[in-house]
Amino acid sequence: MTSAQFHLLEIKKHFGNKLHESSIYGTNRIKVHVSPHDLLEIVQYIRDKLVFPSCEAISGLDWETHFEVIYFFDRWDGDSTLIQVHVKLEDRDNPSIPSIINLYTSADWHEREIYDLFGIKIENHPNLKRLLLPEEWDEMDHKHISELYPMRRAYKLPDKPYSYNSTKK
Amino acid sequence: MGYGIYDGLVDFLLQLVAGILTPLIKTIGGVLGLIGLAEPEQFLHFEVEFQPSIRSTLIDTLEMTTILIFLIVNTIMLIWFERKLVARMMARRGPTFIDFNYGHFFGRTWKFGLLQNIAEFLKFFSKEDIVPEKADKFPFNIGYFAFVVAPPFILGGLLPLGGSAVVADPAVGFLLIFALFSLYPVGVLITGWSSNNKYSLIGAFRSAAQLISYEIPLIFSVGAVVIVTNSFSLVDIAAQQTLTPFHLPFAILMPIGFIVFMVALAAETERIPFDIPEAEAELVMGWRTELTGFRYMMSMATEYFILLIGAFIGVSIFWAGSYLPFIPREWIDNLPLLPNIIFIVKLWLFIFLFIWVRGALPRVRVDQLLNIGWKRLIPLAVLNIIVVVILFISNPSLFGVY
Amino acid sequence: MSEQMYIHMGPQHPVNHGLWTLKVRTAGEKVIDSEIMIGYIFRMIEKMAESRPYDVFQPLADRLCYVSAMSWEGTYIMAIEKLLDLEVSKRVQYMRVILLELQRIASHFTWLSAYAGDLGVLTMLVIPYREREYVLDILEHVTGSRMMYNFFRPGGLKHDFPKGFLEDARRLTYYLDKKIHEYKDMCDDSKVFMMRSKKVGILSKANAFDLGTTGPVLRASGVQGDLRKIEPYLVYDELDFKIPVQKAGDCYARFQIRMEEMQQSTQIIRQALDQIPKEGEISKKAPRKLPKGEIYFRTEDPRGEAGYYIVGNDDRIPYRIKIRSPAYNNLYASAHLLKGAKVADIPPIVASMDLCMGEIDR
């Protein structure tokens, strides 16, 4: 049994009914789907019991029908297993997710970035303001409302002569 | 005292003026006598004579002009020398050539980048003179020039140019130079504070802390020399080093003092291991962040000017001025210009040491700097004084006292 | 010392090496708190990636970091290959290892000169650029470009090595070995350099994990975290090299790690030059469409873990590309290291993180 299978088994044992879906892809990537209110619990378990001390990245993903937030956790002790926690956010109009900053300090900027680019509200984040875009971006004039959160699928890159256009040819 | 080269010239000039004025006044007297306004006999044996003070003033003026021109030319050469040398240490070329072809002013390109500093001098003068809007205008304009730029220019007359060639040799000697140096932090503080910039403010406070705390080891380190020579005069101190065994200079006889002096001088001149006030990595340009154009140029030039003056002091006190070890004093003194040439060569060797250090070392942190100053250099300087005093009492001839 | 003031360092300030703002709250010479503001060169590269075919995005992957463009485009192409399930020949894998390690050396030389320059050693600021330029020359000889290579292709490389490259590269590694040793000695012998680097910006092991640092910063804190060993990609598992690890976690440990890593890189290059197969397919046709699925692929960038999270949607255009930048987390960690440091410690701490704003702002 590989390390990834072992960890997945452990997670399944503890959160059997709370996991929407769980699988292993590649050789050592564990993929777990949970709902937002179970997030803190499973992240706590991953950090303390499975000993994954590092949060690599947090990625947002806009599926047009719903949002998904993906957390990457890593061990860094010679074991290359990496846990991906996928959180599905059904409420498209008012998406929000609890902050894991109390568990992983490095989540700070990643969460701010998700708020900044996807418009997903982070609950209990101590310093939730825009990171990459200007802080007063909301008050600025925009051509289209989709410019507020540019990484959503609704926002299309402006059609300029030099930009790639998939509809041509 | 004095260089002695202008005596003949001044005598000749005064005689020339007297020779023109005497017949002129005699003629005027004759004319007045004819009209009847004066007695012609009064002017019969008239001779124009000048008071001796006029002669000495004239000589002093010429000599001060000479030393100032010497210092300014050497400062410009020093900047060029440092650029070239540091560039070679960094495996680059430095200034290579400067085309001074402003309407064929010089008509040709000068090699080795010799004109680089002149060109930059012109460039800085053509810049707009910016006084920051929020700055405190009066201290910003005045304080800096009064306390930073002016004092070094006053010092010219006190610096010996080899042998006994010095304009003025007062009894307080180099104490006067150090006293004028200690005006520097005042000017830095005024400029940094009044320019209303946080970088300048931090830089100015660092500068003041550094300069004040390093004046103590600097003066302590030469204390032993003063005890031994019983004089503050740079000329006397240099001359005494010819009376020691094998004419050895004080740098070899009191090495601890020499090292303390060098380190403290590097800190006083804000050169690279101790250039914390202008630490460009965190403070952009330190206390001179807001200086532009000719203000900036003057501040940089003053820094090099002070290094040059420091080299004058160091060479005179520790490197025996214009005298060499193993060679009797008379051989050097009796040849014309030789003392001056030896002195200038030593001056440039001394400066070379500082440039070398600049090319090799990072800068220290401000708390480390103060630790070095208060915990290492001052005890070392005191230790130097104790050792020298013990040696001096047991064997005065070691330091040239019989 | 009760008077506190804010100092803004940036967006244009010598400490930054790029465009970002460091806002520090100081009491005298002591840093109480600091805040980092980024986003000055935010180009939305992730959005650009999801609005054009995956092969058209490759030159943009180069632009993520101007100091180590090769590793970013390499990571991207390898992630795409993994998603496409595309095998490349052994020869191409060895060639990629050689190029990536050369890039690592060039990047670390840039770091060395930036770090030394921030400490005030202007000589060390200038000299390492000479060696970096030799490395860039040889990369230019291969790829035709000094910095933005655009050389990797899905399924291989753009073309084979030019004639005489293997001998040139071998000669270069011996020369670099000598120079790296010389610079290490120059810095180790300098007492002032040690005073400024040792016990400055200490990052404990727990904090290094918590703040998400990777790469040399993590290894300087006593973690053997190198993806070339943990999760070998290309042919790193066939090569013999050591991963330097230091316990101290200060700026000097990071300096040592990077210097030793350069020495290891020259060894890797020499081994790869020895073992590279003579024959092998250089390029291969890759499918035009990304299959449905996802991949999180990561490699050991000079700065740490460079990762791409790619979601394919049975289309030429990837559905989503998330770029995981190592410098992003390292910069975040530096704000925590600055607490309680002196103002003069800001440049060495920030420089020892080896920042590259291109990949932080993306």
# chains A, B, ... in the order shown; residues from 1 in each chain; ligands from 1
$ closest_atom_pairs --of "chain A" --to "chain C" --cutoff "6 Å" --atoms "only C-alpha atoms" --output "tab-separated table"
residue	atom	partner	partner_atom	distance
A:Pro53	CA	C:Phe209	CA	5.6
A:Ser54	CA	C:Phe209	CA	4.9
A:Cys55	CA	C:Gly212	CA	5.9
A:Trp76	CA	C:Gly225	CA	5.4
A:Gly78	CA	C:Ile230	CA	5.0
A:Ser80	CA	C:Glu231	CA	5.7
A:Tyr104	CA	C:Asp210	CA	5.6
A:Thr105	CA	C:Leu211	CA	5.6
A:Ser106	CA	C:Leu211	CA	4.4
A:Leu132	CA	C:Gly39	CA	4.0
$ write_last_selection --atoms "all heavy atoms" --output "PDB file, in the first residue's frame"
ATOM      1  N   PRO A  53       2.255  19.680   7.352  1.00  0.00           N
ATOM      2  CA  PRO A  53       2.460  20.985   7.991  1.00  0.00           C
ATOM      3  C   PRO A  53       2.390  22.170   7.045  1.00  0.00           C
ATOM      4  O   PRO A  53       2.432  23.297   7.492  1.00  0.00           O
ATOM      5  CB  PRO A  53       3.865  20.861   8.582  1.00  0.00           C
ATOM      6  CG  PRO A  53       4.535  19.863   7.730  1.00  0.00           C
ATOM      7  CD  PRO A  53       3.500  18.944   7.173  1.00  0.00           C
ATOM      8  N   SER A  54       2.328  21.947   5.745  1.00  0.00           N
ATOM      9  CA  SER A  54       2.470  23.080   4.841  1.00  0.00           C
ATOM     10  C   SER A  54       1.283  23.179   3.896  1.00  0.00           C
ATOM     11  O   SER A  54       0.865  22.191   3.302  1.00  0.00           O
ATOM     12  CB  SER A  54       3.762  22.916   4.035  1.00  0.00           C
ATOM     13  OG  SER A  54       3.845  23.907   3.064  1.00  0.00           O
ATOM     14  N   CYS A  55       0.757  24.395   3.784  1.00  0.00           N
ATOM     15  CA  CYS A  55      -0.299  24.658   2.802  1.00  0.00           C
ATOM     16  C   CYS A  55       0.364  25.258   1.574  1.00  0.00           C
ATOM     17  O   CYS A  55       0.870  26.376   1.612  1.00  0.00           O
ATOM     18  CB  CYS A  55      -1.335  25.615   3.381  1.00  0.00           C
ATOM     19  SG  CYS A  55      -2.570  26.114   2.198  1.00  0.00           S
ATOM     20  N   TRP A  76       6.422  17.343   3.036  1.00  0.00           N
ATOM     21  CA  TRP A  76       7.829  17.762   3.022  1.00  0.00           C
ATOM     22  C   TRP A  76       8.727  16.906   3.916  1.00  0.00           C
ATOM     23  O   TRP A  76       9.646  17.408   4.520  1.00  0.00           O
ATOM     24  CB  TRP A  76       7.992  19.211   3.460  1.00  0.00           C
ATOM     25  CG  TRP A  76       7.566  20.198   2.459  1.00  0.00           C
ATOM     26  CD1 TRP A  76       6.587  21.106   2.612  1.00  0.00           C
ATOM     27  CD2 TRP A  76       8.083  20.388   1.138  1.00  0.00           C
ATOM     28  NE1 TRP A  76       6.426  21.844   1.475  1.00  0.00           N
ATOM     29  CE2 TRP A  76       7.345  21.427   0.562  1.00  0.00           C
ATOM     30  CE3 TRP A  76       9.078  19.785   0.380  1.00  0.00           C
ATOM     31  CZ2 TRP A  76       7.573  21.882  -0.725  1.00  0.00           C
ATOM     32  CZ3 TRP A  76       9.296  20.231  -0.894  1.00  0.00           C
ATOM     33  CH2 TRP A  76       8.557  21.270  -1.425  1.00  0.00           C
ATOM     34  N   GLY A  78      10.019  13.841   2.733  1.00  0.00           N
ATOM     35  CA  GLY A  78      10.478  12.772   1.870  1.00  0.00           C
ATOM     36  C   GLY A  78       9.341  12.011   1.233  1.00  0.00           C
ATOM     37  O   GLY A  78       9.533  11.239   0.323  1.00  0.00           O
ATOM     38  N   SER A  80       6.038  12.184  -0.955  1.00  0.00           N
ATOM     39  CA  SER A  80       5.555  13.158  -1.933  1.00  0.00           C
ATOM     40  C   SER A  80       4.038  13.231  -1.991  1.00  0.00           C
ATOM     41  O   SER A  80       3.496  13.865  -2.878  1.00  0.00           O
ATOM     42  CB  SER A  80       6.094  12.796  -3.313  1.00  0.00           C
ATOM     43  OG  SER A  80       5.609  11.539  -3.695  1.00  0.00           O
ATOM     44  N   TYR A 104      -3.209  27.475   9.056  1.00  0.00           N
ATOM     45  CA  TYR A 104      -2.033  27.687   8.212  1.00  0.00           C
ATOM     46  C   TYR A 104      -1.887  29.190   7.977  1.00  0.00           C
ATOM     47  O   TYR A 104      -2.719  29.798   7.300  1.00  0.00           O
ATOM     48  CB  TYR A 104      -2.197  26.994   6.864  1.00  0.00           C
ATOM     49  CG  TYR A 104      -2.200  25.487   6.948  1.00  0.00           C
ATOM     50  CD1 TYR A 104      -3.378  24.785   6.970  1.00  0.00           C
ATOM     51  CD2 TYR A 104      -0.998  24.787   6.982  1.00  0.00           C
ATOM     52  CE1 TYR A 104      -3.378  23.412   7.037  1.00  0.00           C
ATOM     53  CE2 TYR A 104      -0.991  23.417   7.052  1.00  0.00           C
ATOM     54  CZ  TYR A 104      -2.183  22.729   7.076  1.00  0.00           C
ATOM     55  OH  TYR A 104      -2.176  21.380   7.139  1.00  0.00           O
ATOM     56  N   THR A 105      -0.828  29.782   8.520  1.00  0.00           N
ATOM     57  CA  THR A 105      -0.645  31.225   8.342  1.00  0.00           C
ATOM     58  C   THR A 105      -0.459  31.580   6.869  1.00  0.00           C
ATOM     59  O   THR A 105      -0.858  32.637   6.426  1.00  0.00           O
ATOM     60  CB  THR A 105       0.576  31.692   9.132  1.00  0.00           C
ATOM     61  OG1 THR A 105       0.512  31.121  10.425  1.00  0.00           O
ATOM     62  CG2 THR A 105       0.605  33.188   9.260  1.00  0.00           C
ATOM     63  N   SER A 106       0.159  30.672   6.124  1.00  0.00           N
ATOM     64  CA  SER A 106       0.462  30.996   4.733  1.00  0.00           C
ATOM     65  C   SER A 106      -0.797  31.129   3.885  1.00  0.00           C
ATOM     66  O   SER A 106      -0.735  31.612   2.764  1.00  0.00           O
ATOM     67  CB  SER A 106       1.361  29.922   4.137  1.00  0.00           C
ATOM     68  OG  SER A 106       0.695  28.684   4.158  1.00  0.00           O
ATOM     69  N   LEU A 132      -3.933  41.772  -5.295  1.00  0.00           N
ATOM     70  CA  LEU A 132      -3.236  42.059  -6.547  1.00  0.00           C
ATOM     71  C   LEU A 132      -3.830  43.270  -7.248  1.00  0.00           C
ATOM     72  O   LEU A 132      -3.115  44.081  -7.818  1.00  0.00           O
ATOM     73  CB  LEU A 132      -3.301  40.841  -7.464  1.00  0.00           C
ATOM     74  CG  LEU A 132      -2.517  39.630  -6.956  1.00  0.00           C
ATOM     75  CD1 LEU A 132      -2.847  38.397  -7.749  1.00  0.00           C
ATOM     76  CD2 LEU A 132      -1.033  39.879  -6.997  1.00  0.00           C
TER      77      LEU A 132
END
$ select_by_dssp --residues "region 142-319 of chain C" --states "strand (DSSP E or B)" --output "MDAnalysis selection string"
chainID C and resid 152:153 156:157 290 293:301 304:312 315
$ write_last_selection --atoms "N, CA and C atoms" --output "tab-separated table (two decimals), in the first residue's frame"
chain	number	residue	atom	x	y	z
C	152	PHE	N	11.32	24.79	-24.78
C	152	PHE	CA	10.66	23.52	-24.53
C	152	PHE	C	9.45	23.37	-25.46
C	153	ARG	N	9.15	22.14	-25.80
C	153	ARG	CA	7.94	21.86	-26.57
C	153	ARG	C	7.24	20.67	-25.95
C	156	GLY	N	8.99	17.22	-26.30
C	156	GLY	CA	10.42	17.30	-26.59
C	156	GLY	C	10.95	18.71	-26.45
C	157	LEU	N	11.90	19.02	-27.33
C	157	LEU	CA	12.48	20.35	-27.33
C	157	LEU	C	12.39	20.91	-28.74
C	290	LEU	N	-6.38	19.37	-24.90
C	290	LEU	CA	-6.13	18.87	-23.56
C	290	LEU	C	-7.30	17.99	-23.15
C	293	GLY	N	-9.71	16.56	-17.31
C	293	GLY	CA	-8.95	16.06	-16.17
C	293	GLY	C	-8.16	17.19	-15.54
C	294	GLU	N	-7.44	16.84	-14.53
C	294	GLU	CA	-6.68	17.88	-13.84
C	294	GLU	C	-5.33	17.32	-13.45
C	295	ILE	N	-4.38	18.24	-13.22
C	295	ILE	CA	-3.05	17.82	-12.83
C	295	ILE	C	-2.46	18.91	-11.95
C	296	TYR	N	-1.82	18.52	-10.86
C	296	TYR	CA	-0.99	19.49	-10.14
C	296	TYR	C	0.44	19.01	-10.25
C	297	PHE	N	1.21	19.69	-11.07
C	297	PHE	CA	2.58	19.26	-11.30
C	297	PHE	C	3.53	20.30	-10.73
C	298	ARG	N	4.57	19.82	-10.06
C	298	ARG	CA	5.48	20.78	-9.42
C	298	ARG	C	6.91	20.34	-9.65
C	299	THR	N	7.78	21.33	-9.76
C	299	THR	CA	9.21	21.05	-9.90
C	299	THR	C	9.98	21.94	-8.94
C	300	GLU	N	11.27	21.67	-8.85
C	300	GLU	CA	12.11	22.45	-7.97
C	300	GLU	C	12.70	23.60	-8.77
C	301	ASP	N	12.09	24.74	-8.63
C	301	ASP	CA	12.56	25.97	-9.24
C	301	ASP	C	13.77	26.44	-8.43
C	304	GLY	N	12.22	27.52	-5.25
C	304	GLY	CA	11.43	26.59	-4.45
C	304	GLY	C	10.48	25.81	-5.32
C	305	GLU	N	9.31	25.54	-4.77
C	305	GLU	CA	8.37	24.69	-5.49
C	305	GLU	C	7.58	25.50	-6.49
C	306	ALA	N	7.81	25.24	-7.76
C	306	ALA	CA	7.02	25.88	-8.81
C	306	ALA	C	5.97	24.89	-9.24
C	307	GLY	N	4.69	25.28	-9.13
C	307	GLY	CA	3.64	24.33	-9.45
C	307	GLY	C	2.63	24.90	-10.42
C	308	TYR	N	2.09	24.02	-11.26
C	308	TYR	CA	0.99	24.40	-12.14
C	308	TYR	C	-0.17	23.48	-11.84
C	309	TYR	N	-1.32	24.06	-11.54
C	309	TYR	CA	-2.54	23.28	-11.42
C	309	TYR	C	-3.34	23.53	-12.68
C	310	ILE	N	-3.42	22.52	-13.53
C	310	ILE	CA	-4.05	22.69	-14.84
C	310	ILE	C	-5.31	21.84	-14.91
C	311	VAL	N	-6.40	22.48	-15.30
C	311	VAL	CA	-7.65	21.76	-15.50
C	311	VAL	C	-7.95	21.78	-17.00
C	312	GLY	N	-8.02	20.59	-17.59
C	312	GLY	CA	-8.34	20.51	-19.00
C	312	GLY	C	-9.82	20.22	-19.18
C	315	ASP	N	-10.47	20.53	-24.74
C	315	ASP	CA	-10.45	21.72	-25.58
C	315	ASP	C	-8.98	22.10	-25.79
$ interface_residues --of "chain B" --to "chain C" --cutoff "9 Å" --atoms "only C-alpha atoms" --output "VMD selection string"
chain B and resid 86 to 87 89 to 92 198 to 199 202 272 to 273 275 to 276 279 to 284 358 to 368
$ write_last_selection --atoms "N, CA and C atoms" --output "mmCIF file, in the first residue's frame"
data_model
loop_
_atom_site.group_PDB
_atom_site.id
_atom_site.type_symbol
_atom_site.label_atom_id
_atom_site.label_comp_id
_atom_site.auth_asym_id
_atom_site.auth_seq_id
_atom_site.Cartn_x
_atom_site.Cartn_y
_atom_site.Cartn_z
ATOM 1 N N VAL B 86 38.312 51.057 -8.069
ATOM 2 C CA VAL B 86 37.212 50.174 -7.682
ATOM 3 C C VAL B 86 36.699 49.430 -8.906
ATOM 4 N N ALA B 87 36.682 50.108 -10.040
ATOM 5 C CA ALA B 87 36.234 49.443 -11.265
ATOM 6 C C ALA B 87 37.148 48.275 -11.587
ATOM 7 N N MET B 89 38.901 46.568 -9.486
ATOM 8 C CA MET B 89 38.645 45.513 -8.505
ATOM 9 C C MET B 89 37.375 44.748 -8.845
ATOM 10 N N MET B 90 36.409 45.418 -9.466
ATOM 11 C CA MET B 90 35.148 44.772 -9.798
ATOM 12 C C MET B 90 35.170 44.175 -11.186
ATOM 13 N N ALA B 91 36.343 44.112 -11.821
ATOM 14 C CA ALA B 91 36.451 43.546 -13.162
ATOM 15 C C ALA B 91 35.612 44.320 -14.169
ATOM 16 N N ARG B 92 35.589 45.643 -14.012
ATOM 17 C CA ARG B 92 35.016 46.450 -15.083
ATOM 18 C C ARG B 92 36.014 47.541 -15.426
ATOM 19 N N LYS B 198 11.821 60.758 5.744
ATOM 20 C CA LYS B 198 12.142 59.800 6.807
ATOM 21 C C LYS B 198 13.490 59.151 6.594
ATOM 22 N N TYR B 199 13.832 58.911 5.335
ATOM 23 C CA TYR B 199 15.161 58.344 5.072
ATOM 24 C C TYR B 199 16.247 59.304 5.546
ATOM 25 N N ILE B 202 16.439 59.347 9.457
ATOM 26 C CA ILE B 202 17.138 58.197 10.035
ATOM 27 C C ILE B 202 18.628 58.285 9.711
ATOM 28 N N ILE B 272 33.130 52.930 3.201
ATOM 29 C CA ILE B 272 32.171 51.838 3.079
ATOM 30 C C ILE B 272 32.005 50.869 4.245
ATOM 31 N N PRO B 273 33.002 50.428 4.986
ATOM 32 C CA PRO B 273 32.534 49.530 6.051
ATOM 33 C C PRO B 273 31.626 50.253 7.036
ATOM 34 N N ASP B 275 29.607 53.117 6.092
ATOM 35 C CA ASP B 275 28.798 54.151 5.421
ATOM 36 C C ASP B 275 27.317 53.972 5.746
ATOM 37 N N ILE B 276 27.046 53.699 7.016
ATOM 38 C CA ILE B 276 25.679 53.446 7.458
ATOM 39 C C ILE B 276 24.761 54.646 7.237
ATOM 40 N N ALA B 279 23.538 54.262 3.823
ATOM 41 C CA ALA B 279 23.256 52.887 3.405
ATOM 42 C C ALA B 279 22.220 52.821 2.296
ATOM 43 N N GLU B 280 22.658 52.731 1.065
ATOM 44 C CA GLU B 280 21.708 52.915 -0.037
ATOM 45 C C GLU B 280 20.734 51.756 -0.143
ATOM 46 N N ALA B 281 21.022 50.632 0.506
ATOM 47 C CA ALA B 281 20.092 49.508 0.385
ATOM 48 C C ALA B 281 18.790 49.792 1.111
ATOM 49 N N GLU B 282 18.864 50.390 2.302
ATOM 50 C CA GLU B 282 17.613 50.614 3.016
ATOM 51 C C GLU B 282 17.235 52.089 3.080
ATOM 52 N N LEU B 283 18.192 52.999 2.994
ATOM 53 C CA LEU B 283 17.870 54.416 3.184
ATOM 54 C C LEU B 283 18.055 55.235 1.916
ATOM 55 N N VAL B 284 18.055 54.599 0.758
ATOM 56 C CA VAL B 284 18.212 55.256 -0.526
ATOM 57 C C VAL B 284 19.524 56.025 -0.595
ATOM 58 N N ARG B 358 37.204 49.746 0.660
ATOM 59 C CA ARG B 358 35.876 49.966 0.097
ATOM 60 C C ARG B 358 35.506 48.879 -0.897
ATOM 61 N N GLY B 359 36.504 48.424 -1.665
ATOM 62 C CA GLY B 359 36.215 47.401 -2.653
ATOM 63 C C GLY B 359 36.000 46.028 -2.059
ATOM 64 N N ALA B 360 36.349 45.837 -0.786
ATOM 65 C CA ALA B 360 36.370 44.479 -0.243
ATOM 66 C C ALA B 360 35.285 44.194 0.776
ATOM 67 N N LEU B 361 34.765 45.208 1.452
ATOM 68 C CA LEU B 361 33.963 44.911 2.640
ATOM 69 C C LEU B 361 32.502 45.321 2.484
ATOM 70 N N PRO B 362 31.585 44.580 3.132
ATOM 71 C CA PRO B 362 30.208 45.061 3.260
ATOM 72 C C PRO B 362 30.141 46.119 4.366
ATOM 73 N N ARG B 363 28.961 46.703 4.509
ATOM 74 C CA ARG B 363 28.842 47.671 5.593
ATOM 75 C C ARG B 363 28.274 46.982 6.828
ATOM 76 N N VAL B 364 28.656 47.493 7.996
ATOM 77 C CA VAL B 364 28.177 46.897 9.240
ATOM 78 C C VAL B 364 26.856 47.539 9.616
ATOM 79 N N ARG B 365 26.200 46.929 10.586
ATOM 80 C CA ARG B 365 24.918 47.460 11.033
ATOM 81 C C ARG B 365 25.179 48.537 12.072
ATOM 82 N N VAL B 366 24.195 49.370 12.344
ATOM 83 C CA VAL B 366 24.478 50.536 13.173
ATOM 84 C C VAL B 366 24.767 50.128 14.617
ATOM 85 N N ASP B 367 24.077 49.100 15.137
ATOM 86 C CA ASP B 367 24.369 48.700 16.513
ATOM 87 C C ASP B 367 25.733 48.029 16.597
ATOM 88 N N GLN B 368 26.089 47.279 15.528
ATOM 89 C CA GLN B 368 27.427 46.678 15.507
ATOM 90 C C GLN B 368 28.496 47.749 15.439
#
$ select_by_dssp --residues "chain A" --states "alpha helix (DSSP H)" --output "ChimeraX atom specification"
/A:3-15,39-48,107-118
$ atom_distance --atom1 "CA of Phe261 (chain B)" --atom2 "CA of Val222 (chain B)"
7.3 Å
$ residues_around --residues "Pro328 (chain B)" --least-positions-apart "5" --cutoff "12 Å" --atoms "only C-alpha atoms" --output "list in words"
Ala239, Gln241, Thr242, Leu243, Thr244, Pro245, Phe246, His247, Leu248, Ser322, Tyr323, Asp333 and Asn334 of chain B
$ residues_around --residues "Arg254 (chain C)" --least-positions-apart "5" --cutoff "10 Å" --atoms "only C-alpha atoms" --output "list in words"
Ser197, Gly215, Pro216, Val217, Leu218, Arg219, Ala220, Ser221, Val245, Gln246, Ala248, Gly249, Met259, Glu260, Ser352, Met353 and Asp354 of chain C
$ residues_around --residues "region 168-183 of chain B" --least-positions-apart "2" --cutoff "6 Å" --atoms "only C-alpha atoms" --output "ChimeraX atom specification"
/B:147,151,157-158,166,185-186,232-233
$ residues_around --residues "Val69 (chain A)" --least-positions-apart "3" --cutoff "12 Å" --atoms "only C-alpha atoms" --output "JSON, numbers by chain"
{"A": [32, 33, 34, 35, 36, 39, 57, 58, 59, 60, 61, 62, 63, 66, 72, 84, 85, 86, 87, 88, 89, 90, 95, 96, 97, 98, 99, 110, 111, 113, 114, 115, 118, 119, 120, 121, 122], "C": [322]}
$ residues_around --residues "Ile11 (chain A)" --least-positions-apart "3" --cutoff "12 Å" --atoms "only C-alpha atoms" --output "ChimeraX atom specification"
/A:4-8,14-19,21-23,30-34,41-47,49-50,83,85
